[in-house]
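Shown next: run_38.txt, given as compact mmCIF, C-alpha atoms.
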# COMPACT_ATOMS: atom_id res chain seq x y z
CA MET A 4 83.50 94.51 111.05
CA ILE A 5 84.00 94.24 107.28
CA PHE A 6 87.11 92.14 107.76
CA ALA A 7 85.43 89.87 110.34
CA VAL A 8 82.42 89.19 108.12
CA SER A 9 84.66 88.48 105.13
CA ARG A 10 86.69 85.98 107.14
CA VAL A 11 83.53 84.14 108.20
CA VAL A 12 82.55 83.82 104.54
CA THR A 13 86.01 82.76 103.36
CA THR A 14 86.59 80.35 106.26
CA THR A 15 83.25 78.69 105.55
CA ILE A 16 84.23 78.18 101.92
CA MET A 17 87.67 76.85 102.92
CA LEU A 18 86.18 74.41 105.45
CA ASP A 19 83.73 73.13 102.85
CA PHE A 20 86.60 72.32 100.50
CA ALA A 21 88.67 70.84 103.34
CA ALA A 22 85.82 68.46 104.18
CA ALA A 23 85.97 67.12 100.61
CA GLN A 24 89.79 67.13 100.36
CA ALA A 25 91.30 63.72 99.59
CA GLN A 26 94.66 62.59 100.91
CA ASN A 27 97.51 64.38 99.18
CA ALA A 28 101.20 65.15 99.49
CA TRP A 29 100.60 67.56 102.40
CA THR A 30 97.58 66.30 104.35
CA SER A 31 95.45 63.30 105.11
CA SER A 32 91.89 63.19 103.83
CA HIS A 33 89.41 65.67 105.34
CA PRO A 34 92.07 67.83 107.05
CA ASP A 35 91.24 70.44 109.66
CA TYR A 36 91.43 74.11 108.73
CA PHE A 37 95.05 74.64 109.80
CA ALA A 38 96.31 71.66 107.83
CA PHE A 39 94.28 72.72 104.79
CA ALA A 40 95.74 76.23 105.10
CA SER A 41 99.26 74.77 104.98
CA LEU A 42 99.22 73.33 101.45
CA TRP A 43 101.59 74.14 98.62
CA ASP A 44 104.24 76.82 99.33
CA SER A 45 103.16 77.00 102.96
CA HIS A 46 105.32 73.91 103.46
CA TRP A 47 108.34 75.68 101.97
CA TYR A 48 107.92 78.51 104.44
CA TYR A 49 107.73 75.91 107.22
CA ILE A 50 110.98 74.37 105.98
CA VAL A 51 112.66 77.79 106.08
CA SER A 52 111.42 78.36 109.63
CA VAL A 53 112.84 75.03 110.80
CA THR A 54 116.02 74.42 108.78
CA GLY A 55 116.80 77.71 107.05
CA TYR A 56 118.42 77.66 103.63
CA PRO A 57 120.72 75.07 102.03
CA SER A 58 124.37 76.02 101.58
CA THR A 59 124.60 73.39 98.83
CA LEU A 60 122.00 73.70 96.11
CA PRO A 61 120.12 70.50 95.24
CA LEU A 62 120.47 69.29 91.67
CA THR A 63 118.22 67.37 89.33
CA ASP A 64 119.36 64.14 87.71
CA ASP A 65 120.51 66.09 84.66
CA GLY A 66 122.52 68.62 86.69
CA HIS A 67 120.17 71.59 86.87
CA ILE A 68 119.42 73.43 90.10
CA ALA A 69 116.23 71.94 91.57
CA GLU A 70 113.40 73.60 93.47
CA ASN A 71 114.61 74.62 96.92
CA ALA A 72 114.02 77.02 99.82
CA TRP A 73 116.00 79.94 98.33
CA ALA A 74 112.90 80.90 96.33
CA PHE A 75 111.15 81.92 99.58
CA LEU A 76 112.23 85.07 101.37
CA PRO A 77 112.79 84.88 105.12
CA ALA A 78 110.81 87.68 106.80
CA TYR A 79 107.48 85.83 106.98
CA PRO A 80 108.66 82.37 108.14
CA TRP A 81 111.09 83.87 110.64
CA PHE A 82 108.38 86.13 112.07
CA VAL A 83 106.04 83.15 112.36
CA ASN A 84 108.86 81.21 114.02
CA VAL A 85 109.35 83.95 116.62
CA MET A 86 105.61 84.12 117.32
CA GLN A 87 105.48 80.34 117.52
CA HIS A 88 108.05 80.33 120.30
CA LEU A 89 106.25 83.13 122.12
CA LEU A 90 102.82 81.50 121.90
CA GLY A 91 103.91 77.88 122.21
CA LEU A 92 101.61 76.79 119.38
CA PRO A 93 102.29 74.67 116.27
CA TYR A 94 103.65 76.43 113.18
CA ALA A 95 100.51 75.78 111.11
CA GLN A 96 98.25 77.53 113.60
CA VAL A 97 100.57 80.47 114.18
CA SER A 98 101.07 81.02 110.44
CA VAL A 99 97.31 81.40 109.99
CA PHE A 100 97.06 83.84 112.91
CA VAL A 101 100.02 85.88 111.65
CA SER A 102 98.62 86.03 108.12
CA GLY A 103 95.22 87.06 109.44
CA GLY A 104 96.74 89.77 111.62
CA PHE A 105 98.69 91.25 108.74
CA ALA A 106 95.58 91.00 106.56
CA LEU A 107 93.57 93.05 109.06
CA GLY A 108 96.39 95.60 109.16
CA SER A 109 96.40 95.65 105.35
CA ALA A 110 92.67 96.39 105.24
CA LEU A 111 93.10 99.27 107.68
CA MET A 112 96.09 100.69 105.80
CA LEU A 113 94.35 100.30 102.43
CA TYR A 114 91.58 102.53 103.72
CA ARG A 115 94.15 105.08 104.92
CA VAL A 116 95.85 105.04 101.50
CA LEU A 117 92.73 105.35 99.35
CA ALA A 118 91.08 107.89 101.66
CA LEU A 119 93.88 110.27 100.67
CA LYS A 120 92.61 110.18 97.08
CA LEU A 121 88.96 109.12 97.15
CA PRO A 122 85.87 109.96 99.21
CA GLY A 123 85.77 108.05 102.48
CA GLU A 124 82.72 106.03 101.46
CA THR A 125 84.43 104.90 98.25
CA ALA A 126 87.62 104.05 100.13
CA MET A 127 85.57 101.96 102.55
CA PHE A 128 83.89 100.02 99.75
CA SER A 129 87.36 99.43 98.30
CA VAL A 130 88.17 97.69 101.58
CA VAL A 131 85.04 95.57 101.15
CA LEU A 132 86.29 94.50 97.72
CA PHE A 133 89.76 93.80 99.13
CA CYS A 134 88.37 91.61 101.91
CA PHE A 135 86.02 89.65 99.62
CA ALA A 136 88.31 89.51 96.57
CA PRO A 137 88.65 86.18 94.72
CA LEU A 138 92.15 85.65 96.13
CA SER A 139 91.35 86.86 99.65
CA PRO A 140 91.64 83.26 100.97
CA LEU A 141 95.38 83.81 100.67
CA LEU A 142 95.08 86.35 103.47
CA GLN A 143 94.46 83.54 105.97
CA VAL A 144 96.79 80.74 104.91
CA GLY A 145 100.49 80.11 105.48
CA TYR A 146 101.65 82.40 102.67
CA ALA A 147 103.59 85.68 102.88
CA GLU A 148 101.16 87.72 100.77
CA SER A 149 99.28 89.34 103.66
CA MET A 150 102.57 90.46 105.23
CA GLN A 151 103.68 91.81 101.85
CA VAL A 152 100.44 93.72 101.35
CA PHE A 153 100.64 95.24 104.83
CA PHE A 154 104.14 96.63 104.34
CA LEU A 155 103.33 97.64 100.77
CA THR A 156 100.25 99.62 101.84
CA LEU A 157 102.35 101.20 104.57
CA ALA A 158 105.05 102.13 102.04
CA LEU A 159 102.47 103.60 99.63
CA TYR A 160 100.87 105.57 102.46
CA LEU A 161 104.25 107.03 103.39
CA LEU A 162 104.96 107.79 99.74
CA LEU A 163 101.70 109.70 99.39
CA ARG A 164 102.49 111.57 102.60
CA ARG A 165 106.06 112.14 101.31
CA LYS A 166 107.66 110.58 104.37
CA TYR A 167 110.61 109.27 102.39
CA TRP A 168 113.02 108.59 105.25
CA VAL A 169 110.41 106.58 107.14
CA MET A 170 109.91 104.49 104.01
CA VAL A 171 113.45 103.07 104.22
CA PRO A 172 112.93 100.55 107.07
CA VAL A 173 109.51 99.63 105.66
CA ILE A 174 111.10 98.91 102.28
CA ALA A 175 113.77 96.80 103.98
CA VAL A 176 111.15 94.49 105.55
CA LEU A 177 109.05 94.45 102.38
CA CYS A 178 111.99 93.37 100.22
CA PHE A 179 112.70 90.40 102.49
CA THR A 180 109.04 89.36 102.52
CA ARG A 181 108.21 89.13 98.81
CA PRO A 182 110.03 90.38 95.69
CA SER A 183 108.91 94.01 95.51
CA GLY A 184 111.97 96.25 95.72
CA LEU A 185 112.73 96.73 92.04
CA ALA A 186 109.13 97.62 91.17
CA LEU A 187 108.97 100.05 94.09
CA ALA A 188 112.29 101.58 93.04
CA LEU A 189 110.85 102.22 89.57
CA ALA A 190 107.70 103.73 91.06
CA LEU A 191 109.82 106.00 93.26
CA GLY A 192 111.91 106.99 90.26
CA LEU A 193 108.79 107.96 88.32
CA HIS A 194 107.55 109.84 91.37
CA ILE A 195 110.81 111.81 91.55
CA ILE A 196 110.70 112.67 87.84
CA TYR A 197 107.07 113.78 88.12
CA ARG A 198 107.75 115.95 91.15
CA TRP A 199 110.68 117.56 89.33
CA VAL A 200 108.54 118.31 86.26
CA VAL A 201 105.73 119.92 88.30
CA ARG A 202 107.98 121.62 90.85
CA ALA A 203 106.78 125.07 89.73
CA ARG A 204 103.29 124.44 91.11
CA ASP A 205 104.25 121.81 93.69
CA PRO A 206 107.60 122.71 95.31
CA PHE A 207 110.19 119.94 95.50
CA PRO A 208 112.69 121.21 98.11
CA VAL A 209 116.25 119.88 98.24
CA ARG A 210 115.68 117.93 101.46
CA GLU A 211 112.83 116.01 99.81
CA ARG A 212 114.90 115.40 96.68
CA VAL A 213 117.67 113.89 98.78
CA ALA A 214 115.26 111.80 100.82
CA SER A 215 113.28 110.51 97.84
CA VAL A 216 116.38 109.64 95.80
CA THR A 217 117.83 107.85 98.83
CA ALA A 218 114.64 105.82 99.27
CA ALA A 219 114.61 104.93 95.56
CA LEU A 220 118.25 103.83 95.56
CA PHE A 221 117.75 101.87 98.76
CA SER A 222 114.74 100.10 97.24
CA ALA A 223 116.78 99.16 94.16
CA ILE A 224 119.62 97.81 96.30
CA ALA A 225 117.22 95.95 98.60
CA GLY A 226 115.51 94.52 95.53
CA PHE A 227 118.75 92.76 94.61
CA ALA A 228 119.80 91.95 98.18
CA TRP A 229 118.35 88.44 98.33
CA VAL A 230 120.09 87.55 95.06
CA TRP A 231 123.40 88.56 96.65
CA VAL A 232 122.64 86.77 99.92
CA ALA A 233 121.87 83.52 98.08
CA ALA A 234 125.01 83.87 95.98
CA ALA A 235 127.21 84.49 99.02
CA ALA A 236 125.70 81.61 101.02
CA THR A 237 125.91 79.02 98.24
CA GLY A 238 128.90 80.22 96.24
CA ASN A 239 126.73 80.24 93.12
CA PRO A 240 126.09 83.71 91.60
CA SER A 241 122.85 82.49 89.99
CA ALA A 242 121.54 80.58 93.03
CA TYR A 243 118.36 82.61 93.40
CA THR A 244 117.46 83.12 89.75
CA ALA A 245 118.22 79.49 88.86
CA THR A 246 116.08 78.37 91.77
CA GLU A 247 113.18 80.51 90.57
CA LEU A 248 113.61 79.21 87.03
CA ALA A 249 113.33 75.63 88.32
CA TRP A 250 109.62 76.21 88.94
CA ARG A 251 108.94 76.95 85.28
CA SER A 252 111.02 74.05 83.95
CA ALA A 253 107.96 71.79 83.98
CA TYR A 254 106.45 74.11 81.36
CA ILE A 255 109.30 75.19 79.10
CA GLY A 256 112.38 73.37 80.38
CA TYR A 257 115.53 75.01 81.71
CA GLY A 258 117.09 78.17 80.33
CA ASP A 259 118.38 81.60 81.21
CA LEU A 260 116.25 84.47 82.49
CA LEU A 261 115.83 86.92 79.62
CA PRO A 262 113.81 89.97 80.73
CA LEU A 263 110.51 90.60 78.93
CA THR A 264 110.54 87.15 77.27
CA PRO A 265 108.71 84.92 79.83
CA TRP A 266 105.24 86.11 78.87
CA ILE A 267 105.89 85.51 75.19
CA GLN A 268 107.15 82.02 76.06
CA GLY A 269 104.10 81.52 78.22
CA ALA A 270 101.72 82.73 75.53
CA ASN A 271 103.22 80.28 73.06
CA TRP A 272 103.09 77.44 75.60
CA TRP A 273 99.44 78.03 76.48
CA MET A 274 98.46 78.20 72.82
CA ALA A 275 100.22 74.88 72.22
CA MET A 276 98.41 73.37 75.20
CA ALA A 277 95.06 74.59 73.88
CA LYS A 278 96.00 73.49 70.35
CA TRP A 279 95.27 76.95 69.04
CA PRO A 280 97.32 78.74 66.37
CA VAL A 281 100.64 79.81 67.93
CA TRP A 282 100.32 83.39 66.68
CA TRP A 283 97.23 83.83 68.85
CA GLY A 284 99.40 83.87 71.98
CA PRO A 285 101.51 86.98 71.26
CA THR A 286 98.46 88.65 69.71
CA LEU A 287 96.28 88.14 72.79
CA LEU A 288 99.18 89.22 74.99
CA ALA A 289 99.62 92.43 73.00
CA ILE A 290 95.86 93.14 73.21
CA ALA A 291 95.95 92.58 76.98
CA VAL A 292 98.94 94.92 77.45
CA VAL A 293 97.42 97.66 75.30
CA GLY A 294 94.05 97.24 77.00
CA PHE A 295 95.61 97.49 80.44
CA ALA A 296 97.57 100.59 79.43
CA ALA A 297 94.38 102.21 78.16
CA PHE A 298 92.56 101.28 81.39
CA MET A 299 95.27 103.07 83.40
CA PHE A 300 94.27 106.33 81.71
CA THR A 301 90.53 106.02 82.28
CA PRO A 302 88.91 108.62 84.58
CA ILE A 303 88.21 106.12 87.38
CA VAL A 304 91.89 105.11 87.53
CA ARG A 305 93.20 108.66 87.12
CA ARG A 306 91.28 109.61 90.28
CA LEU A 307 93.71 107.39 92.23
CA GLY A 308 96.45 109.93 91.57
CA VAL A 309 99.77 109.58 89.81
CA ASP A 310 101.67 107.80 92.59
CA LEU A 311 99.34 104.82 92.94
CA ARG A 312 99.24 104.55 89.17
CA PHE A 313 103.04 104.68 89.08
CA TRP A 314 103.14 101.77 91.52
CA VAL A 315 100.63 99.64 89.59
CA ALA A 316 102.34 100.30 86.26
CA SER A 317 105.79 99.60 87.72
CA TYR A 318 104.72 96.35 89.32
CA VAL A 319 102.95 95.11 86.18
CA LEU A 320 106.05 95.94 84.13
CA TYR A 321 108.12 94.01 86.67
CA LEU A 322 105.85 90.98 86.27
CA LEU A 323 106.08 91.23 82.49
CA ALA A 324 109.86 91.36 82.76
CA VAL A 325 110.58 88.37 84.98
CA PHE A 326 107.60 86.08 85.69
CA PHE A 327 106.27 83.17 83.65
CA PRO A 328 102.46 83.20 83.36
CA GLN A 329 100.74 80.20 84.92
CA SER A 330 98.17 79.57 87.64
CA SER A 331 100.16 81.40 90.35
CA THR A 332 100.06 84.59 88.27
CA PHE A 333 96.71 85.43 89.87
CA ARG A 334 98.45 85.45 93.25
CA LEU A 335 101.27 87.57 91.90
CA LEU A 336 98.73 90.19 90.82
CA ILE A 337 97.61 90.86 94.41
CA PRO A 338 99.93 93.93 94.74
CA VAL A 339 97.87 95.80 92.12
CA PHE A 340 95.16 96.11 94.80
CA PRO A 341 95.05 99.96 94.51
CA LEU A 342 92.96 99.36 91.39
CA LEU A 343 90.16 98.23 93.69
CA GLY A 344 89.74 101.95 94.34
CA ALA A 345 88.76 102.34 90.70
CA ILE A 346 86.36 99.39 90.70
CA ALA A 347 84.72 100.71 93.87
CA GLN A 348 83.71 104.09 92.45
CA PRO A 349 80.29 103.30 90.90
CA ARG A 350 77.69 103.93 93.62
CA SER A 351 74.82 101.82 92.32
CA VAL A 352 73.58 99.49 95.06
CA LEU A 353 72.90 96.74 92.54
CA TYR A 354 76.40 97.11 91.13
CA ARG A 355 78.00 96.91 94.54
CA ILE A 356 76.00 93.92 95.70
CA GLY A 357 76.61 92.21 92.37
CA ILE A 358 80.37 92.68 92.41
CA VAL A 359 80.69 91.44 95.99
CA LEU A 360 78.71 88.31 95.08
CA LEU A 361 80.86 87.91 91.98
CA PHE A 362 84.01 88.19 94.10
CA ILE A 363 82.72 85.54 96.52
CA ALA A 364 82.00 83.25 93.56
CA GLY A 365 85.55 84.00 92.43
CA GLN A 366 86.84 82.73 95.78
CA ILE A 367 85.10 79.41 95.21
CA GLY A 368 86.47 79.22 91.67
CA TRP A 369 90.03 80.09 92.71
CA ILE A 370 90.09 77.60 95.60
CA TYR A 371 88.77 74.90 93.29
CA ILE A 372 91.29 75.62 90.55
CA ALA A 373 94.40 76.53 92.52
CA TRP A 374 94.25 75.64 96.25
CA TRP A 375 92.23 72.44 96.55
CA VAL A 376 94.34 69.43 95.52
CA ASP A 377 92.50 67.29 93.00
CA GLY A 378 94.68 64.27 92.27
CA TYR A 379 97.67 65.25 90.12
CA ASP A 380 97.28 69.00 90.29
CA TRP A 381 99.34 71.19 87.94
CA THR A 382 97.65 74.47 88.87
CA PRO A 383 99.45 75.63 92.05
CA PRO A 384 98.32 78.87 93.72
Before we go any further, please render this structure as structure tokens.
Amino acid sequence: MIFAVSRVVTTTIMLDFAAAQAQNAWTSSHPDYFAFASLWDSHWYYIVSVTGYPSTLPLTDDGHIAENAWAFLPAYPWFVNVMQHLLGLPYAQVSVFVSGGFALGSALMLYRVLALKLPGETAMFSVVLFCFAPLSPLLQVGYAESMQVFFLTLALYLLLRRKYWVMVPVIAVLCFTRPSGLALALALGLHIIYRWVVRARDPFPVRERVASVTAALFSAIAGFAWVWVAAAATGNPSAYTATELAWRSAYIGYGDLLPLTPWIQGANWWMAMAKWPVWWGPTLLAIAVVGFAAFMFTPIVRRLGVDLRFWVASYVLYLLAVFFPQSSTFRLLIPVFPLLGAIAQPRSVLYRIGIVLLFIAGQIGWIYIAWWVDGYDWTPP
């Protein structure tokens, strides 16, 4: 019921924007819902479903690797392709149905995860926040995020239940849906260390040590798997990373991927764009990192338990290591959804109504800034 009501609200907002949408690179003016839900990277997933991946990497005029399909992992478009053949419907329609189905599964699994750590009523309101969140429109468009969240919530549930062997196939699908394996491997590593430290009061038998270490190693290997697949298919060892870097070239040009530097580069770039003093960028970044670290130790977050906090911290560290901050960063933050369990804890009726209304307003703001195409649009979702 919560999910259904949230989709009515979000679909209404999306249709309102679609009615005002001008002709663009993907659609004619005033597109229907399915066309409007197929903007931006949705088209790349469609390309993967139809033609697969190029064996020869496209190059720019100056010889750099250009944007291409290798940046988009195959599990989502291939699953949509299979469902498309079974249902006999166009790709755009099936992609929306698939995303919505995984989103519903994600909402159900999120409740199962948070109910292990929080009162049932709080876990349920966390699901409300998840369904009405500012980026929840992404749960019903042709993007892989809803599939990622479903398998991530499933993996976290199995981690909390210590079903390490069952995690392995879930991790395999997750790592070919969206980049998640390295962050999950770090979270599993922290989980193993923690269980070893507290083994006197919480036994850590050998069979669980073997299973958990195996799951962690598998997640690390799976996290690099797509890099190796792209290298083998194209003959270029840097095919995947160079492809990803092509998307940030419009901001800072071409260069190598140096871990932990993209956010500093981004901070400097945004300060230059705003014509603010350059030193403000690294300073604001440092304040944000310290503030987030402090938030992770607040009572409302600590109630989530160590494992969910390990995941959030690991994923945020992964983002800091490899991603360049721009408008799609909001989308990349979706996997920190366990923190909704912290935001959901205050029980004031006014607070809860207010934050839901704020989240709905956030949907409108995010669609306006990132999804709706307004002429030359440099703020992709």
Exercise for review: For A:Gly378, please output as a PyMOL selection string all residues within 9 Å (counting all atoms listed in the file; exclusion window: fewer than 2 positions along the same chain).
Suggested key: chain A and resi 25-27+376+380
For the residues in the current selection, export C-alpha atoms as an mmCIF file, in the coordinates of the input.
data_model
loop_
_atom_site.group_PDB
_atom_site.id
_atom_site.type_symbol
_atom_site.label_atom_id
_atom_site.label_comp_id
_atom_site.auth_asym_id
_atom_site.auth_seq_id
_atom_site.Cartn_x
_atom_site.Cartn_y
_atom_site.Cartn_z
ATOM 1 C CA ALA A 25 91.300 63.720 99.590
ATOM 2 C CA GLN A 26 94.660 62.590 100.910
ATOM 3 C CA ASN A 27 97.510 64.380 99.180
ATOM 4 C CA VAL A 376 94.340 69.430 95.520
ATOM 5 C CA ASP A 380 97.280 69.000 90.290
#
Exercise for review: Identify the residues within 9 Å of coordinate (102.1, 99.7, 99.6) (same frame as the file), considering all atoms listed in the file, and give the answer as a ChimeraX atom specification.
Suggested key: /A:112-113,116,151-162,187,311,314,338,341
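The two atoms in question, atom CA of A:Ser252 and atom CA of A:Gly365, are spaced 28.6 Å apart.
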**Study point:** Shortest interatomic distance to A:Leu336 - which of A:Phe362, A:Tyr318, A:Phe75, A:Tyr146, counting all atoms listed in the file
**Key:**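 Distance minimum relative to A:Leu336 lands on A:Tyr318.
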Check your understanding: Closest to A:Glu148 among A:Ile174, A:Ala78, A:Ala245, A:Ile290, using only C-alpha atoms?
Key ->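 Checking each candidate against A:Glu148, we get A:Ala78 as the closest.
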Exercise for review: Mind checking which residues fall within 12 Å of stretch 267-280 of chain A, counting all atoms listed in the file, ignoring those fewer than 2 positions away in the same chain, and posting them as a ChimeraX atom specification?
Suggested key: /A:251-256,258,260-265,282-289,291-292,323-330,332
**Study point:** Length of the atom CA of A:Ser215 to atom CA of A:Ala345 vector [Å]
**Key:**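 Taking atom CA of A:Ser215 and atom CA of A:Ala345, their separation equals 26.8 Å.
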Which residues of stretch 254-365 of chain A sit at most 12 Å from stretch 195-204 of chain A, using all atoms listed in the file? Give each one's shortest atom pair and distance in Å (one decimal place), in chain and ascending residue order, as a tab-separated table.
residue	atom	partner	partner_atom	distance
A:Gly308	CA	A:Tyr197	CA	11.8
A:Val309	CA	A:Tyr197	CA	8.6
A:Asp310	CA	A:Tyr197	CA	9.2
A:Phe313	CA	A:Tyr197	CA	10.0
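Among the candidates A:Ser9, A:Ser139, A:Ser317, A:Thr244, the residue lying nearest to A:Ser102 is A:Ser139 (atoms considered: only C-alpha atoms).
Distance annotation: of A:Val176, A:Ala316, A:Ala233, A:Val97, the residue with the minimal separation from A:Leu189 is A:Ala316; atom set is only C-alpha atoms.
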Practice item. Go through A:Ala242, A:Ala364, A:Ala347, A:Leu42 one by one, measure the shortest atom-to-atom distance of each to A:Trp73 using only C-alpha atoms, and give the residue with the smallest value. Key: A:Ala242
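With only C-alpha atoms taken into account, the protein and nucleic acid residues at most 10 Å from A:Leu132 (excluding it and anything under 3 positions from it in its own chain) are Ile5, Ser9, Ala126, Met127, Phe128, Ser129, Phe135, Ala136, Pro137, Ser139, Phe340, Leu343, Gly344, Ile346, Ala347, Arg355, Ile358, Val359, Phe362 and Ile363 of chain A.
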Keeping only C-alpha atoms, take the residues you just selected and write them out as a PDB file, keeping the file's coordinate frame.
ATOM      1  CA  ILE A   5      84.000  94.240 107.280  1.00  0.00           C
ATOM      2  CA  SER A   9      84.660  88.480 105.130  1.00  0.00           C
ATOM      3  CA  ALA A 126      87.620 104.050 100.130  1.00  0.00           C
ATOM      4  CA  MET A 127      85.570 101.960 102.550  1.00  0.00           C
ATOM      5  CA  PHE A 128      83.890 100.020  99.750  1.00  0.00           C
ATOM      6  CA  SER A 129      87.360  99.430  98.300  1.00  0.00           C
ATOM      7  CA  PHE A 135      86.020  89.650  99.620  1.00  0.00           C
ATOM      8  CA  ALA A 136      88.310  89.510  96.570  1.00  0.00           C
ATOM      9  CA  PRO A 137      88.650  86.180  94.720  1.00  0.00           C
ATOM     10  CA  SER A 139      91.350  86.860  99.650  1.00  0.00           C
ATOM     11  CA  PHE A 340      95.160  96.110  94.800  1.00  0.00           C
ATOM     12  CA  LEU A 343      90.160  98.230  93.690  1.00  0.00           C
ATOM     13  CA  GLY A 344      89.740 101.950  94.340  1.00  0.00           C
ATOM     14  CA  ILE A 346      86.360  99.390  90.700  1.00  0.00           C
ATOM     15  CA  ALA A 347      84.720 100.710  93.870  1.00  0.00           C
ATOM     16  CA  ARG A 355      78.000  96.910  94.540  1.00  0.00           C
ATOM     17  CA  ILE A 358      80.370  92.680  92.410  1.00  0.00           C
ATOM     18  CA  VAL A 359      80.690  91.440  95.990  1.00  0.00           C
ATOM     19  CA  PHE A 362      84.010  88.190  94.100  1.00  0.00           C
ATOM     20  CA  ILE A 363      82.720  85.540  96.520  1.00  0.00           C
TER      21      ILE A 363
END
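Of note, atom CA of A:Val169 and atom CA of A:Trp81 are spaced 23.0 Å apart.
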**Study point:** Nearest to A:Tyr321 by atom-to-atom distance, counting all atoms listed in the file, from A:Ala21, A:Ala297, A:Ala40, A:Val339
**Key:**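 For A:Tyr321, the nearest of the given residues is A:Val339.
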Review point. Which polymer residues have any atom within 8 Å of an atom of A:Phe6, counting all atoms listed in the file, with same-chain residues fewer than 3 positions away left out, as JSON, numbers by chain?
Key: {"A": [9, 10, 107, 110, 131, 134]}
Dump of C-alpha atoms for the selected residues, as a short mmCIF file (atom, residue, chain, number, x, y, z; two decimals), in the coordinates of the input:
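The resulting out.cif:
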data_model
loop_
_atom_site.label_atom_id
_atom_site.label_comp_id
_atom_site.auth_asym_id
_atom_site.auth_seq_id
_atom_site.Cartn_x
_atom_site.Cartn_y
_atom_site.Cartn_z
CA SER A 9 84.66 88.48 105.13
CA ARG A 10 86.69 85.98 107.14
CA LEU A 107 93.57 93.05 109.06
CA ALA A 110 92.67 96.39 105.24
CA VAL A 131 85.04 95.57 101.15
CA CYS A 134 88.37 91.61 101.91
#
Could you tell me, as an mmCIF file with C-alpha atoms, keeping the file's coordinate frame, which residues have any atom at most 6 Å from (111.5, 71.5, 91.1), counting all atoms listed in the file?
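Contents of point-v8.cif, as written:
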data_model
loop_
_atom_site.group_PDB
_atom_site.id
_atom_site.type_symbol
_atom_site.label_atom_id
_atom_site.label_comp_id
_atom_site.auth_asym_id
_atom_site.auth_seq_id
_atom_site.Cartn_x
_atom_site.Cartn_y
_atom_site.Cartn_z
ATOM 1 C CA ALA A 69 116.230 71.940 91.570
ATOM 2 C CA GLU A 70 113.400 73.600 93.470
ATOM 3 C CA ALA A 249 113.330 75.630 88.320
ATOM 4 C CA TRP A 250 109.620 76.210 88.940
#
